[in-house]
$ cat structure.txt   # compact mmCIF, C-alpha atoms and all ligand atoms
# COMPACT_ATOMS: atom_id res chain seq x y z
CA MET A 1 38.24 58.30 67.04
CA ALA A 2 41.94 58.87 66.65
CA THR A 3 43.91 57.11 69.35
CA GLU A 4 47.40 58.42 68.74
CA THR A 5 48.68 61.36 70.66
CA ALA A 6 49.01 64.20 68.22
CA GLY A 7 51.34 67.19 68.55
CA ARG A 8 50.22 70.28 70.45
CA SER A 9 50.55 72.80 67.70
CA ALA A 10 48.11 71.69 65.01
CA PRO A 11 46.37 74.85 63.73
CA PRO A 12 42.60 74.87 64.22
CA ALA A 13 40.82 73.87 61.02
CA ALA A 14 38.47 76.41 59.47
CA ALA A 15 34.86 75.74 60.50
CA ALA A 16 33.80 75.15 56.89
CA ASP A 17 36.49 72.47 56.48
CA VAL A 18 35.36 70.74 59.64
CA ALA A 19 31.69 70.84 58.62
CA ALA A 20 32.76 69.37 55.28
CA ARG A 21 33.63 66.21 57.20
CA LEU A 22 29.91 65.59 57.61
CA GLU A 23 28.60 62.96 55.23
CA PRO A 24 25.06 63.14 53.80
CA ALA A 25 23.84 60.62 56.38
CA ASP A 26 25.27 62.86 59.14
CA ARG A 27 23.39 65.87 57.80
CA VAL A 28 20.16 63.88 57.79
CA ALA A 29 20.87 62.61 61.32
CA LEU A 30 21.37 66.17 62.58
CA LEU A 31 17.96 67.07 61.19
CA ARG A 32 16.36 63.92 62.54
CA TYR A 33 17.59 64.53 66.10
CA MET A 34 16.41 68.14 66.00
CA LEU A 35 12.98 67.04 64.76
CA LEU A 36 12.85 64.42 67.49
CA MET A 37 13.76 66.96 70.17
CA ARG A 38 11.17 69.48 69.01
CA GLY A 39 8.45 66.90 68.51
CA LEU A 40 9.05 65.32 71.91
CA GLU A 41 9.02 68.64 73.70
CA GLU A 42 5.83 69.68 71.91
CA ARG A 43 4.27 66.40 72.94
CA ALA A 44 5.44 66.82 76.52
CA MET A 45 3.94 70.33 76.59
CA ASN A 46 0.59 68.86 75.53
CA LEU A 47 0.86 66.22 78.22
CA TYR A 48 1.65 68.99 80.71
CA ARG A 49 -1.49 70.85 79.68
CA GLN A 50 -3.47 67.65 80.19
CA GLY A 51 -2.16 67.50 83.76
CA LYS A 52 0.03 64.47 83.09
CA VAL A 53 3.37 66.21 83.69
CA PRO A 54 3.78 67.33 87.31
CA GLY A 55 5.52 70.58 88.24
CA SER A 56 6.40 72.78 85.30
CA PHE A 57 7.85 72.08 81.89
CA TYR A 58 10.93 73.56 80.25
CA ASP A 59 11.82 73.27 76.59
CA GLY A 60 14.48 74.28 74.11
CA PHE A 61 12.22 75.30 71.23
CA GLY A 62 14.36 77.13 68.67
CA GLN A 63 17.61 76.05 70.34
CA GLU A 64 17.74 72.47 69.01
CA ALA A 65 20.94 73.04 67.04
CA VAL A 66 22.91 73.91 70.17
CA SER A 67 22.66 70.55 71.91
CA VAL A 68 22.33 68.40 68.80
CA GLY A 69 25.25 70.00 66.95
CA ALA A 70 27.59 69.92 69.93
CA ALA A 71 26.73 66.41 71.17
CA PHE A 72 27.15 65.09 67.62
CA ALA A 73 30.86 65.89 67.78
CA LEU A 74 31.56 63.88 70.92
CA ALA A 75 32.79 60.33 71.28
CA PRO A 76 31.32 57.58 73.47
CA GLU A 77 34.14 57.95 76.01
CA ASP A 78 33.49 61.67 76.47
CA ARG A 79 31.33 62.95 79.32
CA LEU A 80 28.45 65.42 79.12
CA CYS A 81 26.60 67.56 81.65
CA VAL A 82 23.30 68.28 79.95
CA LEU A 83 21.12 71.21 80.96
CA HIS A 84 17.41 72.07 80.83
CA ARG A 85 17.26 73.12 77.17
CA ASP A 86 19.54 70.45 75.74
CA LEU A 87 17.33 67.40 75.28
CA GLY A 88 18.93 66.69 71.90
CA ALA A 89 22.12 65.59 73.67
CA HIS A 90 20.30 62.86 75.59
CA LEU A 91 18.73 61.65 72.34
CA ILE A 92 22.07 61.49 70.57
CA ARG A 93 23.56 59.54 73.46
CA GLY A 94 20.80 56.96 73.10
CA VAL A 95 18.16 57.82 75.68
CA THR A 96 14.93 56.66 74.06
CA PRO A 97 11.93 58.99 73.49
CA GLU A 98 9.82 56.65 75.61
CA ARG A 99 12.09 57.02 78.65
CA ILE A 100 12.20 60.78 78.24
CA LEU A 101 8.40 61.14 78.12
CA ALA A 102 8.08 58.73 81.05
CA GLN A 103 10.62 60.89 82.91
CA TYR A 104 8.55 64.04 82.41
CA MET A 105 5.46 62.22 83.66
CA GLY A 106 7.24 60.83 86.73
CA ARG A 107 6.71 57.24 85.63
CA GLU A 108 8.66 54.15 86.54
CA ALA A 109 10.10 53.88 83.01
CA GLY A 110 11.65 57.35 83.29
CA ILE A 111 15.35 57.83 83.77
CA THR A 112 15.04 58.52 87.50
CA GLY A 113 12.22 55.98 87.87
CA GLY A 114 9.78 58.67 89.02
CA ARG A 115 12.06 60.28 91.62
CA ASP A 116 12.05 63.54 89.68
CA GLY A 117 9.63 64.28 86.89
CA ASN A 118 11.70 67.07 85.51
CA VAL A 119 14.77 67.93 83.48
CA HIS A 120 17.13 67.10 86.34
CA PHE A 121 18.29 63.78 85.05
CA GLY A 122 21.24 62.05 83.54
CA ASP A 123 21.87 58.46 82.55
CA HIS A 124 25.45 57.63 83.41
CA ARG A 125 25.32 54.66 81.03
CA THR A 126 25.14 57.16 78.19
CA GLY A 127 27.98 59.26 79.58
CA CYS A 128 25.60 61.97 80.81
CA VAL A 129 25.85 63.25 84.35
CA GLY A 130 22.61 64.20 86.10
CA MET A 131 22.01 67.92 86.21
CA VAL A 132 22.41 69.85 89.45
CA SER A 133 19.82 72.61 89.52
CA MET A 134 22.09 75.30 90.99
CA LEU A 135 23.44 77.10 87.95
CA PRO A 136 26.10 76.76 86.68
CA ASP A 137 27.44 74.06 89.01
CA MET A 138 27.84 71.65 86.11
CA MET A 139 30.71 73.78 84.80
CA LEU A 140 32.64 72.79 87.91
CA VAL A 141 31.60 69.15 87.55
CA ALA A 142 32.74 69.14 83.91
CA ALA A 143 36.04 70.77 84.86
CA GLY A 144 36.48 68.14 87.57
CA MET A 145 35.90 65.28 85.17
CA ALA A 146 38.31 66.84 82.68
CA MET A 147 40.86 67.05 85.46
CA ALA A 148 40.40 63.33 86.16
CA PHE A 149 41.00 62.59 82.46
CA ARG A 150 44.18 64.65 82.52
CA ILE A 151 45.52 62.99 85.69
CA ARG A 152 44.75 59.54 84.24
CA GLU A 153 46.31 60.52 80.92
CA GLU A 154 43.14 59.62 79.02
CA ARG A 155 42.27 61.12 75.66
CA ARG A 156 38.73 62.28 76.26
CA VAL A 157 36.89 65.48 76.96
CA ALA A 158 34.08 66.77 79.16
CA LEU A 159 31.48 69.19 77.82
CA THR A 160 28.75 71.15 79.50
CA TRP A 161 26.10 73.62 78.40
CA PHE A 162 24.94 76.59 80.49
CA GLY A 163 22.93 79.75 79.91
CA ASP A 164 23.84 83.41 79.63
CA GLY A 165 22.39 83.89 83.12
CA SER A 166 25.07 81.61 84.51
CA THR A 167 27.86 83.91 83.43
CA SER A 168 27.13 86.38 86.23
CA ARG A 169 27.63 83.72 88.90
CA GLY A 170 30.84 83.07 90.80
CA ASP A 171 30.93 79.39 89.82
CA PHE A 172 31.28 80.41 86.17
CA HIS A 173 34.47 82.33 86.98
CA GLU A 174 35.85 79.59 89.24
CA ALA A 175 35.35 76.94 86.58
CA MET A 176 36.79 79.14 83.81
CA ASN A 177 39.79 80.06 85.94
CA TRP A 178 40.62 76.51 87.00
CA ALA A 179 40.13 75.16 83.48
CA GLY A 180 42.54 77.82 82.21
CA VAL A 181 45.14 77.33 84.95
CA GLN A 182 45.13 73.56 84.42
CA GLN A 183 44.53 73.73 80.65
CA LEU A 184 41.85 71.08 81.07
CA PRO A 185 40.23 69.14 78.19
CA VAL A 186 36.85 70.73 78.80
CA ILE A 187 34.41 72.46 76.44
CA PHE A 188 32.09 75.09 77.86
CA VAL A 189 29.06 75.77 75.66
CA LEU A 190 27.43 79.05 76.60
CA GLU A 191 23.88 78.98 75.32
CA ASN A 192 23.23 82.69 74.81
CA ASN A 193 19.49 82.77 74.24
CA GLN A 194 19.21 86.49 75.04
CA TYR A 195 17.32 86.05 78.32
CA ALA A 196 17.77 84.58 81.77
CA TYR A 197 14.17 84.20 82.78
CA SER A 198 12.93 87.80 82.25
CA THR A 199 16.36 89.47 82.34
CA PRO A 200 17.80 90.40 78.94
CA THR A 201 21.52 90.07 78.41
CA THR A 202 21.87 93.88 78.36
CA ASP A 203 21.05 93.82 82.07
CA GLN A 204 23.39 90.91 82.76
CA TYR A 205 26.83 91.95 81.61
CA ALA A 206 28.77 94.90 80.19
CA VAL A 207 31.23 92.74 78.23
CA ASN A 208 30.17 89.74 76.17
CA PRO A 209 31.24 86.70 78.23
CA VAL A 210 32.90 85.03 75.25
CA GLU A 211 35.56 87.72 75.55
CA ARG A 212 36.31 86.60 79.10
CA ALA A 213 37.80 83.32 77.89
CA ARG A 214 40.96 85.09 76.76
CA ALA A 215 41.34 86.58 80.24
CA TYR A 216 41.36 83.08 81.67
CA GLY A 217 43.93 81.86 79.16
CA PHE A 218 41.97 80.01 76.49
CA PRO A 219 40.03 80.71 73.29
CA GLY A 220 36.44 81.84 73.15
CA VAL A 221 34.48 81.57 69.91
CA SER A 222 31.09 82.90 68.96
CA VAL A 223 29.00 80.58 66.80
CA ASP A 224 25.61 80.82 65.10
CA GLY A 225 23.69 78.70 67.58
CA ASN A 226 20.86 78.14 65.09
CA ASP A 227 23.16 76.31 62.70
CA ALA A 228 23.65 72.67 63.74
CA GLU A 229 26.59 72.19 61.38
CA ALA A 230 28.37 75.27 62.70
CA MET A 231 27.87 74.01 66.25
CA PHE A 232 29.21 70.61 65.23
CA ALA A 233 32.27 72.18 63.59
CA ALA A 234 33.11 74.42 66.54
CA THR A 235 32.75 71.55 69.01
CA LEU A 236 34.79 69.15 66.92
CA GLU A 237 37.55 71.71 66.65
CA ALA A 238 37.48 72.38 70.38
CA ARG A 239 37.54 68.66 71.09
CA GLU A 240 40.48 67.97 68.84
CA ARG A 241 42.44 70.85 70.31
CA ALA A 242 41.69 69.62 73.84
CA LEU A 243 42.82 66.09 72.97
CA ASP A 244 46.04 67.53 71.60
CA GLY A 245 46.75 69.23 74.92
CA GLY A 246 45.45 72.62 73.77
CA GLY A 247 43.17 73.10 76.79
CA PRO A 248 39.63 74.39 77.14
CA THR A 249 37.37 76.31 74.78
CA LEU A 250 34.40 78.53 75.48
CA ILE A 251 31.86 78.29 72.65
CA GLU A 252 29.17 80.93 72.70
CA ALA A 253 26.11 79.64 70.83
CA VAL A 254 24.12 82.71 69.84
CA THR A 255 20.46 81.78 69.76
CA MET A 256 17.05 82.82 71.07
CA ARG A 257 14.74 81.39 73.70
CA MET A 258 11.57 81.19 71.59
CA HIS A 259 9.29 80.04 74.42
CA GLY A 260 8.84 81.30 77.96
CA HIS A 261 11.28 80.30 80.68
CA ALA A 262 8.90 77.42 81.43
CA ALA A 263 5.32 76.46 80.64
CA HIS A 264 3.90 78.96 83.13
CA ASP A 265 5.69 81.97 81.58
CA ASP A 266 3.85 83.97 78.90
CA MET A 267 7.05 86.00 78.26
CA LYS A 268 5.20 89.27 77.71
CA TYR A 269 8.53 90.97 78.41
CA VAL A 270 10.02 89.75 75.09
CA PRO A 271 9.40 92.15 72.16
CA LYS A 272 7.36 90.42 69.46
CA ALA A 273 9.58 91.83 66.71
CA LEU A 274 12.59 90.13 68.27
CA LEU A 275 10.82 86.78 68.22
CA GLU A 276 9.79 87.24 64.60
CA GLU A 277 13.35 88.09 63.66
CA TRP A 278 14.55 84.83 65.20
CA ARG A 279 11.66 82.76 63.88
CA ALA A 280 13.03 83.42 60.41
CA LYS A 281 16.30 81.80 61.53
CA ASP A 282 14.75 78.56 62.74
CA PRO A 283 17.46 75.90 63.07
CA ILE A 284 15.25 73.08 61.80
CA ASP A 285 14.20 74.99 58.70
CA ARG A 286 17.83 75.71 58.01
CA GLN A 287 18.93 72.08 58.26
CA ALA A 288 15.82 70.90 56.37
CA ALA A 289 16.83 73.10 53.43
CA ARG A 290 20.30 71.52 53.40
CA VAL A 291 18.85 68.03 53.58
CA SER A 292 16.30 68.72 50.84
CA ALA A 293 19.17 69.79 48.63
CA LEU A 294 20.55 66.26 49.10
CA ASP A 295 17.36 64.92 47.52
CA VAL A 296 16.12 63.48 50.78
CA ASP A 297 12.36 63.45 51.36
CA VAL A 298 12.09 65.69 54.42
CA ASP A 299 8.32 65.25 54.70
CA ALA A 300 8.79 61.50 54.96
CA LEU A 301 11.42 62.04 57.64
CA ARG A 302 9.04 64.29 59.57
CA ALA A 303 6.30 61.64 59.34
CA GLU A 304 8.69 58.94 60.53
CA VAL A 305 9.72 61.01 63.55
CA ARG A 306 6.08 61.80 64.36
CA ALA A 307 5.21 58.09 64.28
CA GLU A 308 8.13 57.34 66.59
CA ILE A 309 6.92 59.97 69.05
CA ASP A 310 3.33 58.66 68.92
CA ALA A 311 4.50 55.14 69.70
CA ALA A 312 6.78 56.39 72.49
CA THR A 313 3.91 58.41 74.01
CA GLN A 314 1.73 55.34 74.07
CA ARG A 315 4.37 53.25 75.80
CA ALA A 316 5.26 55.99 78.29
CA LEU A 317 1.58 56.38 79.23
CA GLU A 318 1.39 52.64 79.83
CA SER A 319 4.33 52.77 82.25
CA PRO A 320 3.11 52.56 85.86
CA MET A 321 3.72 55.17 88.53
CA PRO A 322 6.60 54.12 90.79
CA ASP A 323 6.00 52.12 93.94
CA PRO A 324 6.10 54.64 96.83
CA ALA A 325 7.96 52.06 98.93
CA THR A 326 10.98 52.54 96.67
CA ALA A 327 11.07 56.34 97.06
CA THR A 328 14.36 56.36 98.97
CA ASP A 329 16.07 53.79 96.73
CA ARG A 330 18.93 55.18 94.62
CA VAL A 331 19.11 58.43 96.58
CA PHE A 332 22.68 57.52 97.50
CA TYR A 333 24.82 55.53 95.11
CA ALA A 334 25.32 52.09 96.58
CA GLY A 335 27.77 50.63 94.09
CA ASP A 336 31.50 51.08 93.84
CA THR A 337 31.80 51.32 90.06
CA ASP A 338 33.90 54.16 88.74
CA VAL A 339 31.40 55.82 86.43
CA LEU A 340 34.17 57.46 84.45
CA VAL A 341 35.59 54.10 83.39
CA GLU A 342 33.11 52.69 80.91
CA ASP A 343 32.34 54.24 77.55
CA GLY A 344 29.03 55.99 77.30
CA HIS A 345 26.46 54.86 74.78
CA ALA A 346 26.41 57.17 71.77
CA PRO A 347 24.69 55.46 68.85
CA TYR A 348 25.31 58.46 66.66
CA SER A 349 28.75 59.76 67.26
CA ALA A 350 31.04 61.21 64.64
CA PHE A 351 33.66 58.94 66.16
CA ALA A 352 31.65 55.74 66.47
CA ARG A 353 32.11 54.78 62.85
C1 LIG A 401 21.97 79.67 91.32
C2 LIG A 401 20.60 79.60 90.72
N1 LIG A 401 19.78 80.67 90.78
C3 LIG A 401 18.54 80.61 90.26
C4 LIG A 401 18.10 79.46 89.65
C5 LIG A 401 16.68 79.38 89.07
N2 LIG A 401 16.76 79.39 87.62
C6 LIG A 401 16.70 78.24 86.89
S1 LIG A 401 16.91 78.51 85.26
C7 LIG A 401 17.07 80.18 85.50
C8 LIG A 401 17.32 81.10 84.35
C9 LIG A 401 18.68 80.83 83.82
O1 LIG A 401 18.92 81.63 82.69
P1 LIG A 401 20.04 81.20 81.69
O2 LIG A 401 21.26 80.80 82.45
O3 LIG A 401 20.20 82.31 80.73
O4 LIG A 401 19.47 79.88 81.00
P2 LIG A 401 18.15 79.76 80.11
O5 LIG A 401 17.04 79.37 81.03
O6 LIG A 401 17.92 81.06 79.42
O7 LIG A 401 18.46 78.67 79.15
C10 LIG A 401 16.93 80.51 86.83
C11 LIG A 401 17.01 81.88 87.36
C12 LIG A 401 18.99 78.34 89.62
N3 LIG A 401 18.64 77.18 89.07
N4 LIG A 401 20.23 78.45 90.15
MG MG A 402 19.40 82.43 78.85
$ encode --input "structure.txt" --output "C-alpha cells"
Amino acid sequence: MATETAGRSAPPAAAADVAARLEPADRVALLRYMLLMRGLEERAMNLYRQGKVPGSFYDGFGQEAVSVGAAFALAPEDRLCVLHRDLGAHLIRGVTPERILAQYMGREAGITGGRDGNVHFGDHRTGCVGMVSMLPDMMLVAAGMAMAFRIREERRVALTWFGDGSTSRGDFHEAMNWAGVQQLPVIFVLENNQYAYSTPTTDQYAVNPVERARAYGFPGVSVDGNDAEAMFAATLEARERALDGGGPTLIEAVTMRMHGHAAHDDMKYVPKALLEEWRAKDPIDRQAARVSALDVDVDALRAEVRAEIDAATQRALESPMPDPATATDRVFYAGDTDVLVEDGHAPYSAFAR
C-alpha cells in the first residue's frame, strides 16, 4: 500500500477506473473466493441437516460479492468486523475452510475452539474482530478502532458490514454521528438484502438509509451488491479517501437474501417472483462470465474449489470435540498484547503485492 500521506483533496476516481486496477489474477481470485464461500456454506448446510452443526445455520447465499469484493480492497493492517453473511471476508483474510467448518460443528479446530459453534467468531490474527450478536454494535466497535488509528496517526481503516435491519437501531445513528463528527477512517457497508428476518425494507424505513450519510456529514454511495468488482471499487475508493483524511463512507450494497434468515426459516413471506428476479443476477454467474472471457477454465476452477472443500470437510470431521474442562478458558483475554498493533493476515490483499 501507499505509505506517503497524500493531500486531502484528491477527487474520487470513477468506479470503472478503480475496477480497471484489477489484474486478471485478481478477477479470478474474486471468483474463487465467492465459489469457496458458497461451496462451504452449502456443505455446512448439509452438515447441519445431518445433525452435525448445533444450533441453527446462517448463510450468505447470493450475497457473496458483498463481503468478497469489499474485503479484497483492504490491507493487512486494516481491521474488519465481519457479520453473519460475510464469510468471504474471513476467507480472504486467511481463515482456512477447515477451521470454518470445524467452527460450525463446534470442534476443537474451530476458531473459538468449540466455545461457540456459530457465526460469532473472529480471528484477531487475521485482523478480524469477533462479532457481537447485538446488531449493529460492530459499527460502534469499528468507529472506535478508527478513532484509535486517528489518535495514533496511523494510515489504516476499519470496516464493518451490517444489515438493513440495523439501520432502524439507535447504535446505527450513534456510530454514524460520531464517525461524521470525528471524520473517522471507517467504512460502513450496509448490506441491503431487502429483508430483516421477515420484515421487508418497506416496513423498515421511509427514507433509504444511504441518504442519511449526508445528514451525518459524509458520503453515502449505492452499489450493485451482486457485482464483486463494483464492491471492490467502491471500497477501494472509500479506503483511499479515508487514508487521505476524507473521513467515513457509507456504502449501500444492494442485494437479496436468497435463503431464509437461517436454516429453520422457509421464507414463505418472500414473493417467488422477487427471488427469480434476483436469481438472474447471481454474483457468481456474473464474475464467472468475466473470468471466462479471460480464457480461464471456470469448470476447472469450480472442481478445484470443490476438492478443497471435500478435503477440508474430512479434516474438520476428524477434529475432536473440545475438552469440557477447558470450557471457561479464553472467556476473558489473559494477555496484554495490543491487538491493534500487529498486521492482520491477508493472503489476498490488493495491497499485499
Ligand atoms: C439488537 C438485536 N435485535 C435482534 C437480533 C436478532 N437478529 C439477528 S439477525 C436479525 C435480522 C437482521 O436483519 P438485517 O440487519 O437486515 O440483516 P440480515 O440478516 O438480513 O443480513 C435479527 C432480528 C439481534 N441480533 N440484535
Ligand atoms: Mg437484511
$ residues_near_ligand --input "structure.txt" --ligand "ligand LIG 401 (chain A)" --cutoff "8 Å" --atoms "only C-alpha atoms and all ligand atoms" --output "ChimeraX atom specification"
/A:60,84-85,133-136,162-167,169,191-197,257,261
$ atom_distance --input "structure.txt" --atom1 "atom CA of Glu252 of chain A" --atom2 "atom CA of Phe57 of chain A"
24.8 Å
$ atom_distance --input "structure.txt" --atom1 "atom CA of Arg315 of chain A" --atom2 "atom CA of Ala25 of chain A"
28.5 Å
$ closest_residue --input "structure.txt" --among "A:Val270, A:Ala89, A:Leu243, A:Ala20" --to "Ala70 of chain A" --atoms "all atoms listed in the file"
A:Ala89
$ closest_residue --input "structure.txt" --among "A:Ala143, A:Leu190, A:Ala350, A:Met321" --to "ligand MG 402 (chain A)" --atoms "only C-alpha atoms and all ligand atoms"
A:Leu190
$ atom_distance --input "structure.txt" --atom1 "atom CA of Ala73 of chain A" --atom2 "atom CA of Phe232 of chain A"
5.6 Å
$ closest_residue --input "structure.txt" --among "A:Leu317, A:Ala312, A:Ala228, A:Asp203" --to "ligand MG 402 (chain A)" --atoms "only C-alpha atoms and all ligand atoms"
A:Asp203
$ closest_residue --input "structure.txt" --among "A:Thr112, A:Gln204, A:Lys268, A:Asp323" --to "ligand MG 402 (chain A)" --atoms "all atoms listed in the file"
A:Gln204
$ axis_aligned_box --input "structure.txt" --around "segment 276-286 of chain A" --padding-each-side "5 Å" --output "JSON"
{"center_x": 13.8, "center_y": 80.6, "center_z": 61.6, "size_x": 18.0, "size_y": 25.0, "size_z": 17.2}
$ closest_residue --input "structure.txt" --among "A:Gly114, A:Val82, A:Pro76, A:Met258" --to "ligand MG 402 (chain A)" --atoms "all atoms listed in the file"
A:Met258
$ closest_residue --input "structure.txt" --among "A:Met256, A:Leu159, A:Ala233, A:Ala311" --to "ligand MG 402 (chain A)" --atoms "all atoms listed in the file"
A:Met256
$ residues_around --input "structure.txt" --residues "Gly69 of chain A" --least-positions-apart "6" --cutoff "8 Å" --atoms "all atoms listed in the file" --output "mmCIF file with C-alpha atoms, in the frame of the given file"
data_model
loop_
_atom_site.group_PDB
_atom_site.id
_atom_site.type_symbol
_atom_site.label_atom_id
_atom_site.label_comp_id
_atom_site.auth_asym_id
_atom_site.auth_seq_id
_atom_site.Cartn_x
_atom_site.Cartn_y
_atom_site.Cartn_z
ATOM 1 C CA LEU A 30 21.370 66.170 62.580
ATOM 2 C CA ASP A 227 23.160 76.310 62.700
ATOM 3 C CA ALA A 228 23.650 72.670 63.740
ATOM 4 C CA GLU A 229 26.590 72.190 61.380
ATOM 5 C CA ALA A 230 28.370 75.270 62.700
ATOM 6 C CA MET A 231 27.870 74.010 66.250
ATOM 7 C CA PHE A 232 29.210 70.610 65.230
ATOM 8 C CA THR A 235 32.750 71.550 69.010
#
$ residues_around --input "structure.txt" --residues "Tyr104 of chain A" --least-positions-apart "2" --cutoff "6 Å" --atoms "all atoms listed in the file" --output "PyMOL selection string"
chain A and resi 53+101-102+106+117-118
$ residues_around --input "structure.txt" --residues "Ala288 of chain A" --least-positions-apart "5" --cutoff "9 Å" --atoms "all atoms listed in the file" --output "JSON list (two decimals) with C-alpha atoms, keeping the file's coordinate frame"
[["chain", "number", "residue", "atom", "x", "y", "z"],
["A", 28, "VAL", "CA", 20.16, 63.88, 57.79],
["A", 31, "LEU", "CA", 17.96, 67.07, 61.19],
["A", 283, "PRO", "CA", 17.46, 75.90, 63.07],
["A", 293, "ALA", "CA", 19.17, 69.79, 48.63],
["A", 298, "VAL", "CA", 12.09, 65.69, 54.42]]
$ residues_around --input "structure.txt" --residues "Lys52 of chain A" --least-positions-apart "3" --cutoff "7 Å" --atoms "all atoms listed in the file" --output "number ranges by chain"
A: 47-48, 105
$ build_atoms --input "structure.txt" --residues "segment 270-277 of chain A" --atoms "all heavy atoms" --output "PDB file, keeping the file's coordinate frame"
ATOM      1  N   VAL A 270       9.185  89.881  76.297  1.00  0.00           N
ATOM      2  CA  VAL A 270      10.020  89.750  75.090  1.00  0.00           C
ATOM      3  C   VAL A 270       9.339  90.478  73.934  1.00  0.00           C
ATOM      4  O   VAL A 270       8.190  90.164  73.608  1.00  0.00           O
ATOM      5  CB  VAL A 270      10.245  88.262  74.725  1.00  0.00           C
ATOM      6  CG1 VAL A 270      11.057  88.145  73.433  1.00  0.00           C
ATOM      7  CG2 VAL A 270      10.949  87.516  75.856  1.00  0.00           C
ATOM      8  N   PRO A 271      10.025  91.453  73.289  1.00  0.00           N
ATOM      9  CA  PRO A 271       9.400  92.150  72.160  1.00  0.00           C
ATOM     10  C   PRO A 271       9.035  91.178  71.033  1.00  0.00           C
ATOM     11  O   PRO A 271       9.844  90.319  70.672  1.00  0.00           O
ATOM     12  CB  PRO A 271      10.495  93.120  71.681  1.00  0.00           C
ATOM     13  CG  PRO A 271      11.498  93.193  72.791  1.00  0.00           C
ATOM     14  CD  PRO A 271      11.379  91.930  73.582  1.00  0.00           C
ATOM     15  N   LYS A 272       7.833  91.332  70.513  1.00  0.00           N
ATOM     16  CA  LYS A 272       7.360  90.420  69.460  1.00  0.00           C
ATOM     17  C   LYS A 272       8.258  90.467  68.222  1.00  0.00           C
ATOM     18  O   LYS A 272       8.517  89.447  67.578  1.00  0.00           O
ATOM     19  CB  LYS A 272       5.920  90.774  69.063  1.00  0.00           C
ATOM     20  CG  LYS A 272       4.924  90.412  70.141  1.00  0.00           C
ATOM     21  CD  LYS A 272       3.575  90.018  69.540  1.00  0.00           C
ATOM     22  CE  LYS A 272       2.696  89.265  70.527  1.00  0.00           C
ATOM     23  NZ  LYS A 272       2.654  89.826  71.894  1.00  0.00           N
ATOM     24  N   ALA A 273       8.739  91.674  67.905  1.00  0.00           N
ATOM     25  CA  ALA A 273       9.580  91.830  66.710  1.00  0.00           C
ATOM     26  C   ALA A 273      10.856  90.998  66.827  1.00  0.00           C
ATOM     27  O   ALA A 273      11.354  90.440  65.841  1.00  0.00           O
ATOM     28  CB  ALA A 273       9.923  93.293  66.492  1.00  0.00           C
ATOM     29  N   LEU A 274      11.359  90.913  68.045  1.00  0.00           N
ATOM     30  CA  LEU A 274      12.590  90.130  68.270  1.00  0.00           C
ATOM     31  C   LEU A 274      12.330  88.644  67.993  1.00  0.00           C
ATOM     32  O   LEU A 274      13.109  87.955  67.332  1.00  0.00           O
ATOM     33  CB  LEU A 274      13.071  90.331  69.712  1.00  0.00           C
ATOM     34  CG  LEU A 274      14.383  89.648  70.094  1.00  0.00           C
ATOM     35  CD1 LEU A 274      15.541  90.175  69.280  1.00  0.00           C
ATOM     36  CD2 LEU A 274      14.666  89.837  71.589  1.00  0.00           C
ATOM     37  N   LEU A 275      11.174  88.189  68.455  1.00  0.00           N
ATOM     38  CA  LEU A 275      10.820  86.780  68.220  1.00  0.00           C
ATOM     39  C   LEU A 275      10.659  86.506  66.730  1.00  0.00           C
ATOM     40  O   LEU A 275      11.103  85.470  66.217  1.00  0.00           O
ATOM     41  CB  LEU A 275       9.528  86.431  68.942  1.00  0.00           C
ATOM     42  CG  LEU A 275       9.636  86.231  70.444  1.00  0.00           C
ATOM     43  CD1 LEU A 275       8.264  86.042  71.051  1.00  0.00           C
ATOM     44  CD2 LEU A 275      10.522  85.026  70.756  1.00  0.00           C
ATOM     45  N   GLU A 276      10.013  87.445  66.048  1.00  0.00           N
ATOM     46  CA  GLU A 276       9.790  87.240  64.600  1.00  0.00           C
ATOM     47  C   GLU A 276      11.116  87.199  63.849  1.00  0.00           C
ATOM     48  O   GLU A 276      11.312  86.386  62.944  1.00  0.00           O
ATOM     49  CB  GLU A 276       8.877  88.346  64.035  1.00  0.00           C
ATOM     50  CG  GLU A 276       7.426  88.190  64.460  1.00  0.00           C
ATOM     51  CD  GLU A 276       6.949  86.736  64.431  1.00  0.00           C
ATOM     52  OE1 GLU A 276       7.130  86.051  63.399  1.00  0.00           O
ATOM     53  OE2 GLU A 276       6.414  86.260  65.451  1.00  0.00           O
ATOM     54  N   GLU A 277      12.021  88.059  64.285  1.00  0.00           N
ATOM     55  CA  GLU A 277      13.350  88.090  63.660  1.00  0.00           C
ATOM     56  C   GLU A 277      14.037  86.723  63.792  1.00  0.00           C
ATOM     57  O   GLU A 277      14.625  86.198  62.856  1.00  0.00           O
ATOM     58  CB  GLU A 277      14.153  89.166  64.400  1.00  0.00           C
ATOM     59  CG  GLU A 277      15.491  89.530  63.831  1.00  0.00           C
ATOM     60  CD  GLU A 277      16.220  90.457  64.819  1.00  0.00           C
ATOM     61  OE1 GLU A 277      15.623  91.482  65.229  1.00  0.00           O
ATOM     62  OE2 GLU A 277      17.344  90.130  65.200  1.00  0.00           O
TER      63      GLU A 277
END
